[in-house]
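Okay, query.csv is below, CSV, C-alpha atoms:
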```
chain,number,residue,atom,x,y,z
A,1,MET,CA,125.7,106.2,137.8
A,2,ILE,CA,129.4,106.0,138.6
A,3,GLU,CA,130.9,102.8,137.3
A,4,ARG,CA,134.1,102.7,139.5
A,5,LEU,CA,134.7,105.3,142.3
A,6,ALA,CA,138.1,105.4,143.8
A,7,ILE,CA,138.5,107.2,147.1
A,8,VAL,CA,142.1,108.0,148.1
A,9,GLY,CA,142.2,108.6,151.8
A,10,VAL,CA,139.2,106.9,153.6
A,11,GLY,CA,139.0,109.2,156.7
A,12,LEU,CA,136.2,111.4,157.9
A,13,LEU,CA,135.5,113.0,154.5
A,14,GLY,CA,136.6,110.2,152.2
A,15,GLY,CA,134.8,107.6,154.4
A,16,SER,CA,131.7,109.7,154.5
A,17,VAL,CA,131.7,109.9,150.7
A,18,ALA,CA,132.0,106.1,150.5
A,19,LYS,CA,129.1,105.6,153.0
A,20,ALA,CA,126.9,108.2,151.4
A,21,VAL,CA,127.5,106.9,147.8
A,22,ARG,CA,126.8,103.4,149.0
A,23,ALA,CA,123.6,104.4,150.9
A,24,ARG,CA,122.3,106.0,147.7
A,25,GLY,CA,123.5,103.4,145.3
A,26,ALA,CA,125.3,106.0,143.2
A,27,ALA,CA,128.3,103.8,142.2
A,28,ARG,CA,128.5,100.2,141.0
A,29,GLU,CA,132.0,99.7,142.6
A,30,ILE,CA,133.8,101.7,145.3
A,31,VAL,CA,137.5,101.2,146.0
A,32,GLY,CA,139.3,102.6,149.0
A,33,VAL,CA,143.0,103.5,148.7
A,34,GLY,CA,145.3,104.3,151.7
A,35,ARG,CA,148.7,103.7,153.2
A,36,ASP,CA,147.6,101.2,156.0
A,37,LEU,CA,145.4,98.2,155.2
A,38,ALA,CA,144.5,97.9,158.9
A,39,ARG,CA,142.9,101.3,158.8
A,40,LEU,CA,141.1,100.5,155.5
A,41,ARG,CA,139.6,97.2,156.6
A,42,PRO,CA,136.7,98.7,158.7
A,43,ALA,CA,135.4,100.3,155.5
A,44,VAL,CA,135.2,96.9,153.9
A,45,SER,CA,133.7,95.3,157.0
A,46,ASP,CA,130.8,97.6,157.1
A,47,GLY,CA,130.2,97.5,153.4
A,48,ALA,CA,131.1,101.1,152.5
A,49,VAL,CA,133.7,100.0,149.9
A,50,ASP,CA,134.0,96.8,147.8
A,51,GLY,CA,137.7,96.6,148.2
A,52,VAL,CA,140.8,98.3,149.4
A,53,THR,CA,144.5,98.6,148.4
A,54,THR,CA,147.7,100.4,149.4
A,55,ASP,CA,148.7,100.5,145.7
A,56,LEU,CA,147.7,103.9,144.4
A,57,ALA,CA,147.9,103.0,140.7
A,58,GLU,CA,146.0,99.8,141.2
A,59,GLY,CA,143.3,101.6,143.2
A,60,VAL,CA,142.5,104.3,140.6
A,61,ALA,CA,143.0,102.1,137.5
A,62,GLY,CA,139.7,102.0,135.6
A,63,ALA,CA,138.1,104.6,137.8
A,64,ASP,CA,135.8,107.0,136.1
A,65,LEU,CA,135.7,109.2,139.2
A,66,VAL,CA,138.5,109.7,141.8
A,67,VAL,CA,138.0,111.5,145.1
A,68,LEU,CA,141.2,112.6,146.8
A,69,GLY,CA,140.4,112.5,150.6
A,70,ALA,CA,143.9,113.0,152.1
A,71,THR,CA,145.2,116.2,153.6
A,72,VAL,CA,145.6,119.2,151.4
A,73,LEU,CA,149.4,118.9,150.8
A,74,ALA,CA,149.1,115.1,150.4
A,75,ASN,CA,146.4,115.6,147.8
A,76,ASP,CA,148.7,118.0,145.9
A,77,ALA,CA,151.5,115.4,146.0
A,78,LEU,CA,149.2,112.5,145.0
A,79,LEU,CA,147.6,114.3,142.0
A,80,PRO,CA,150.4,113.6,139.4
A,81,ALA,CA,150.5,109.9,140.1
A,82,VAL,CA,146.7,109.6,140.0
A,83,TRP,CA,146.6,111.6,136.8
A,84,ALA,CA,149.0,109.2,135.2
A,85,ALA,CA,147.2,106.1,136.3
A,86,VAL,CA,143.5,106.9,135.5
A,87,PRO,CA,142.0,106.0,132.1
A,88,ALA,CA,141.1,108.6,129.5
A,89,GLY,CA,138.0,110.6,130.3
A,90,ALA,CA,138.3,110.1,134.1
A,91,CYS,CA,137.4,112.9,136.4
A,92,ILE,CA,139.3,113.7,139.6
A,93,THR,CA,138.1,115.8,142.5
A,94,ASP,CA,139.2,116.4,146.1
A,95,VAL,CA,137.8,117.4,149.4
A,96,GLY,CA,140.6,119.8,150.6
A,97,SER,CA,140.0,123.0,152.5
A,98,THR,CA,142.2,125.1,150.1
A,99,LYS,CA,142.0,125.1,146.4
A,100,ARG,CA,144.5,127.4,144.7
A,101,SER,CA,147.5,125.0,144.9
A,102,ILE,CA,145.7,121.9,143.7
A,103,VAL,CA,144.0,123.8,140.9
A,104,ARG,CA,147.3,125.1,139.7
A,105,GLU,CA,148.8,121.6,139.7
A,106,ALA,CA,145.8,120.3,137.8
A,107,GLU,CA,146.2,123.0,135.2
A,108,ARG,CA,149.9,122.0,134.8
A,109,LEU,CA,149.0,118.4,134.4
A,110,THR,CA,146.2,119.2,131.9
A,111,ALA,CA,148.8,120.7,129.6
A,112,GLU,CA,150.7,117.4,129.7
A,113,ARG,CA,147.7,115.1,129.4
A,114,GLY,CA,144.4,116.7,128.4
A,115,ASP,CA,142.1,113.6,128.5
A,116,VAL,CA,141.8,113.7,132.3
A,117,HIS,CA,139.7,116.3,134.1
A,118,PHE,CA,140.0,117.9,137.5
A,119,VAL,CA,137.3,119.8,139.3
A,120,GLY,CA,138.1,120.8,142.9
A,121,SER,CA,135.6,120.4,145.7
A,122,HIS,CA,135.4,121.6,149.3
A,123,PRO,CA,132.5,120.2,151.4
A,124,MET,CA,131.8,122.7,154.1
A,125,ALA,CA,131.2,119.8,156.5
A,126,GLY,CA,133.1,117.8,159.0
A,127,GLY,CA,134.1,118.3,162.6
A,128,GLU,CA,136.9,118.4,165.1
A,129,LYS,CA,137.2,114.6,165.1
A,130,SER,CA,139.0,112.7,162.3
A,131,GLY,CA,139.2,109.2,160.9
A,132,TYR,CA,136.9,106.7,159.4
A,133,GLY,CA,135.4,105.9,162.8
A,134,VAL,CA,133.5,109.2,162.7
A,135,ALA,CA,132.5,109.0,159.0
A,136,ARG,CA,128.7,109.3,158.4
A,137,ALA,CA,126.5,108.7,155.4
A,138,ASP,CA,124.5,111.9,156.2
A,139,LEU,CA,127.5,114.2,156.6
A,140,PHE,CA,126.8,116.1,153.4
A,141,GLU,CA,123.1,116.5,153.7
A,142,ARG,CA,122.2,120.2,153.6
A,143,ALA,CA,125.9,121.1,153.6
A,144,THR,CA,127.4,123.5,151.1
A,145,VAL,CA,130.0,122.2,148.7
A,146,VAL,CA,132.2,124.7,146.8
A,147,VAL,CA,133.3,123.4,143.4
A,148,THR,CA,136.3,125.0,141.8
A,149,PRO,CA,136.9,124.2,138.1
A,150,THR,CA,140.3,124.9,136.5
A,151,LYS,CA,140.9,127.4,133.6
A,152,HIS,CA,140.6,124.3,131.4
A,153,ARG,CA,137.0,123.9,132.5
A,154,VAL,CA,135.0,121.1,130.8
A,155,ASP,CA,131.3,121.4,131.5
A,156,SER,CA,130.7,117.7,131.5
A,157,ALA,CA,133.3,117.2,134.2
A,158,VAL,CA,131.8,120.0,136.3
A,159,ASP,CA,128.4,118.4,135.9
A,160,ARG,CA,129.8,115.0,137.0
A,161,VAL,CA,131.2,116.5,140.2
A,162,THR,CA,128.2,118.7,141.0
A,163,THR,CA,125.9,115.7,140.4
A,164,LEU,CA,127.9,113.6,142.9
A,165,TRP,CA,127.5,116.2,145.6
A,166,ARG,CA,123.9,116.9,144.9
A,167,THR,CA,123.2,113.2,145.0
A,168,LEU,CA,124.7,113.1,148.5
A,169,GLY,CA,122.3,115.9,149.6
A,170,ALA,CA,124.5,118.9,149.3
A,171,ARG,CA,124.0,122.4,148.0
A,172,VAL,CA,126.6,123.2,145.3
A,173,VAL,CA,128.1,126.5,144.4
A,174,VAL,CA,130.8,127.0,141.7
A,175,TRP,CA,133.5,129.5,142.6
A,176,ASP,CA,137.0,130.5,141.4
A,177,ALA,CA,139.8,129.0,143.5
A,178,GLU,CA,141.1,132.4,144.5
A,179,VAL,CA,137.7,133.5,145.8
A,180,HIS,CA,137.3,130.3,147.7
A,181,ASP,CA,140.6,130.5,149.5
A,182,ARG,CA,140.0,134.1,150.6
A,183,SER,CA,136.5,133.2,151.8
A,184,VAL,CA,137.5,130.1,153.8
A,185,ALA,CA,140.3,132.1,155.4
A,186,ALA,CA,137.6,134.3,156.8
A,187,ILE,CA,134.9,131.9,157.9
A,188,SER,CA,136.9,128.7,158.6
A,189,HIS,CA,140.6,129.2,159.0
A,190,LEU,CA,140.4,132.4,161.1
A,191,PRO,CA,137.8,130.8,163.5
A,192,HIS,CA,140.1,127.9,164.1
A,193,VAL,CA,143.1,130.2,164.8
A,194,VAL,CA,141.0,132.2,167.2
A,195,ALA,CA,139.8,129.1,169.0
A,196,TRP,CA,143.4,127.9,169.5
A,197,ALA,CA,144.5,131.3,170.6
A,198,LEU,CA,141.6,131.6,173.0
A,199,MET,CA,142.4,128.3,174.7
A,200,ASP,CA,146.1,129.3,175.0
A,201,ALA,CA,145.1,132.8,176.4
A,202,VAL,CA,143.0,131.2,179.1
A,203,GLN,CA,145.7,128.8,180.0
A,204,ARG,CA,148.1,131.7,180.3
A,205,TYR,CA,145.7,134.1,182.1
A,206,GLU,CA,143.8,131.9,184.6
A,207,PRO,CA,144.2,128.1,184.0
A,208,ALA,CA,142.0,127.3,187.0
A,209,ALA,CA,139.0,128.7,185.1
A,210,LEU,CA,139.1,125.7,182.8
A,211,ASP,CA,137.6,123.7,185.6
A,212,ILE,CA,134.3,125.6,185.5
A,213,VAL,CA,133.8,126.2,181.8
A,214,ALA,CA,130.2,126.2,180.5
A,215,GLY,CA,128.4,126.0,177.2
A,216,GLY,CA,129.6,129.3,175.7
A,217,PHE,CA,133.3,128.6,176.1
A,218,LYS,CA,132.9,125.0,175.0
A,219,ASP,CA,130.9,126.1,171.9
A,220,THR,CA,133.5,128.8,171.0
A,221,THR,CA,136.5,126.5,171.4
A,222,ARG,CA,135.1,123.2,170.1
A,223,ILE,CA,137.2,123.4,167.0
A,224,ALA,CA,140.4,123.9,169.0
A,225,ALA,CA,140.3,120.1,169.3
A,226,SER,CA,140.8,119.6,165.6
A,227,ASP,CA,143.6,117.4,164.2
A,228,PRO,CA,146.8,119.4,164.5
A,229,ALA,CA,148.5,117.6,161.5
A,230,VAL,CA,145.5,118.3,159.2
A,231,TRP,CA,145.3,122.0,160.3
A,232,ARG,CA,149.1,122.6,160.1
A,233,GLU,CA,148.8,121.8,156.3
A,234,ILE,CA,145.6,123.9,155.8
A,235,LEU,CA,147.1,127.0,157.5
A,236,LEU,CA,150.4,126.7,155.6
A,237,ALA,CA,148.7,126.1,152.3
A,238,ASN,CA,146.6,129.3,152.8
A,239,ARG,CA,149.0,131.3,154.9
A,240,ASP,CA,148.8,134.5,152.8
A,241,GLU,CA,145.0,134.8,153.1
A,242,VAL,CA,145.0,133.6,156.7
A,243,ALA,CA,147.5,136.4,157.5
A,244,VAL,CA,145.2,139.0,155.9
A,245,SER,CA,142.2,137.7,157.8
A,246,LEU,CA,144.2,137.8,161.0
A,247,GLY,CA,145.0,141.5,160.3
A,248,ALA,CA,141.2,142.2,160.0
A,249,PHE,CA,140.6,140.4,163.2
A,250,ARG,CA,143.3,142.3,165.1
A,251,GLU,CA,141.7,145.6,163.9
A,252,ALA,CA,138.2,144.4,165.1
A,253,LEU,CA,139.6,143.3,168.4
A,254,ALA,CA,141.5,146.5,168.9
A,255,ASP,CA,138.3,148.5,168.2
A,256,LEU,CA,136.4,146.5,170.8
A,257,GLU,CA,139.2,146.7,173.3
A,258,ARG,CA,139.2,150.5,173.0
A,259,LEU,CA,135.4,150.7,173.6
A,260,ILE,CA,135.8,148.6,176.8
A,261,ALA,CA,138.8,150.8,177.9
A,262,VAL,CA,137.0,154.1,177.5
A,263,ALA,CA,134.0,152.7,179.4
A,264,ASP,CA,131.4,154.3,177.1
A,265,PRO,CA,128.2,152.3,177.7
A,266,ALA,CA,126.3,153.7,174.7
A,267,ALA,CA,129.2,153.2,172.2
A,268,LEU,CA,129.9,149.7,173.5
A,269,GLU,CA,126.2,148.7,173.3
A,270,SER,CA,126.0,150.1,169.8
A,271,TYR,CA,128.9,148.0,168.7
A,272,LEU,CA,127.5,144.9,170.2
A,273,ALA,CA,124.1,145.5,168.7
A,274,ARG,CA,125.6,146.0,165.2
A,275,VAL,CA,127.5,142.7,165.4
A,276,LYS,CA,124.5,140.9,166.9
A,277,THR,CA,122.5,142.0,163.8
A,278,LEU,CA,125.3,140.7,161.5
A,279,ARG,CA,125.3,137.3,163.3
A,280,GLU,CA,121.5,137.0,163.2
A,281,ALA,CA,121.6,137.4,159.4
A,282,VAL,CA,123.8,134.3,159.1
A,283,ARG,CA,121.9,131.2,158.2
```
Representation of the structure as structure tokens:
Amino acid sequence: MIERLAIVGVGLLGGSVAKAVRARGAAREIVGVGRDLARLRPAVSDGAVDGVTTDLAEGVAGADLVVLGATVLANDALLPAVWAAVPAGACITDVGSTKRSIVREAERLTAERGDVHFVGSHPMAGGEKSGYGVARADLFERATVVVTPTKHRVDSAVDRVTTLWRTLGARVVVWDAEVHDRSVAAISHLPHVVAWALMDAVQRYEPAALDIVAGGFKDTTRIAASDPAVWREILLANRDEVAVSLGAFREALADLERLIAVADPAALESYLARVKTLREAVR
């Protein structure tokens, strides 16, 4: 049982953590921390949190577990202040889409104060909409959460964070931050870039076609409606791995373009069949 859970940033992910923890009775007290009281009040009104504050130190004081639910660069910036304000033995995690930067910052802070523990988290859940209004208590059910300990790994802290996510219905895997950032560049960040580029390409090539789009186009480009401010930070934080993933995509696109250009039906069908098999293996 978590005695006092502080959630810094009560948006889609932070709000969903609050709702899910509340629904499962996994914390005695839940406190929401943010910059705007007006945006925090709905979480109090519907009972997801017990109280809210715009004072970071006040919000995390006495917390045995803190979840950083802001954007990736904001979480990096908030971590030192949270580290200084929490009690000895407290554990901090986050929900950011990139992990190397915040893990490095936690390692630096551990060298200064070793009685606080950080274990990174990335719930592979969410959507193109943002804000507390779309938070859900069931968001993490059957989702995968990647947990990334620091080099100062403390097993009890890792257990505390993995227990949180498993309690909320998630499958947990423990990965190195470097492996995590390379992997999400491939299966999350690259698809978002492709969706944005596809929307832009259609607008340039034949904008009238947007009046007759059907399911396939809508499914493929759904994530192009994601929050630009959030994704600006994600792409910049992981820009080196995103660049590598884009290079691989360019090569794959060039191969497919050549097959279409040479008009070789057998080769084209073989390519499509191979990729179809790859997709069918994804669960």
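Closest approach to Phe140 of chain A among A:Gly15, A:Gly9, A:Gly47, A:Gly32 is made by A:Gly15 (distances from only C-alpha atoms).
Rounded to one decimal, atom CA of Asp211 of chain A and atom CA of Val193 of chain A lie 22.5 Å from each other.
Of the residues under consideration (A:Thr98, A:Thr110, A:Thr93, A:Thr220), A:Thr93 shows the shortest atom-to-atom contact distance to Ala157 of chain A when counting all atoms listed in the file.
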As an mmCIF file with C-alpha atoms, in the coordinates of the input, please: the residues near Arg35 of chain A (cut-off 12 Å, only C-alpha atoms, same-chain neighbours under 5 positions excluded).
```
data_model
loop_
_atom_site.group_PDB
_atom_site.id
_atom_site.type_symbol
_atom_site.label_atom_id
_atom_site.label_comp_id
_atom_site.auth_asym_id
_atom_site.auth_seq_id
_atom_site.Cartn_x
_atom_site.Cartn_y
_atom_site.Cartn_z
ATOM 1 C CA VAL A 8 142.100 108.000 148.100
ATOM 2 C CA GLY A 9 142.200 108.600 151.800
ATOM 3 C CA VAL A 10 139.200 106.900 153.600
ATOM 4 C CA GLY A 11 139.000 109.200 156.700
ATOM 5 C CA LEU A 40 141.100 100.500 155.500
ATOM 6 C CA ARG A 41 139.600 97.200 156.600
ATOM 7 C CA VAL A 52 140.800 98.300 149.400
ATOM 8 C CA THR A 53 144.500 98.600 148.400
ATOM 9 C CA THR A 54 147.700 100.400 149.400
ATOM 10 C CA ASP A 55 148.700 100.500 145.700
ATOM 11 C CA LEU A 56 147.700 103.900 144.400
ATOM 12 C CA GLY A 59 143.300 101.600 143.200
ATOM 13 C CA ALA A 70 143.900 113.000 152.100
ATOM 14 C CA ALA A 74 149.100 115.100 150.400
#
```
- prompt: Out of A:Leu68, A:Leu139, A:Val242, A:Ala170, which residue has the shortest atom-to-atom distance to Ser188 of chain A when counting all atoms listed in the file?
  reply: A:Val242
message: I'd like the contact shell of Val174 of chain A - 7 Å cut-off, all atoms listed in the file, skipping same-chain residues fewer than 5 positions apart - returned as JSON, numbers by chain.
response: {"A": [146, 147, 148]}
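Taking all atoms listed in the file into account, Ala81 of chain A lies nearest to A:Ala57 out of the set A:Ala248, A:Ile102, A:Ala137, A:Ala57.
Distance-wise, atom CA of Leu37 of chain A and atom CA of Leu168 of chain A end up 26.4 Å apart.
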message: When you look at segment 230-238 of chain A with a cut-off of 7 Å (counting only C-alpha atoms), what residues show up, excluding the ones that are within fewer than 6 positions of it in the same chain? I need them as JSON, numbers by chain.
response: {"A": [71, 72, 73, 97, 98, 181]}
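Proximity ranking of A:Val282, A:Val17, A:Val275, A:Leu268 relative to Ala135 of chain A places A:Val17 first, based on only C-alpha atoms.
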statement: From atom CA of Arg28 of chain A to atom CA of Ser121 of chain A the spacing works out at 21.9 Å
task: Would you be able to write out as a PyMOL selection string which residues have an atom within 7 Å of (136.6, 128.2, 168.2) in the file's coordinates, counting all atoms listed in the file?
output: chain A and resi 191-192+194-196+220-224
Those same residues - C-alpha atoms - I'd like them written as a PDB file, in the coordinates of the input.
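Result went into part31.pdb, see below:
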```pdb
ATOM      1  CA  PRO A 191     137.800 130.800 163.500  1.00  0.00           C
ATOM      2  CA  HIS A 192     140.100 127.900 164.100  1.00  0.00           C
ATOM      3  CA  VAL A 194     141.000 132.200 167.200  1.00  0.00           C
ATOM      4  CA  ALA A 195     139.800 129.100 169.000  1.00  0.00           C
ATOM      5  CA  TRP A 196     143.400 127.900 169.500  1.00  0.00           C
ATOM      6  CA  THR A 220     133.500 128.800 171.000  1.00  0.00           C
ATOM      7  CA  THR A 221     136.500 126.500 171.400  1.00  0.00           C
ATOM      8  CA  ARG A 222     135.100 123.200 170.100  1.00  0.00           C
ATOM      9  CA  ILE A 223     137.200 123.400 167.000  1.00  0.00           C
ATOM     10  CA  ALA A 224     140.400 123.900 169.000  1.00  0.00           C
TER      11      ALA A 224
END
```
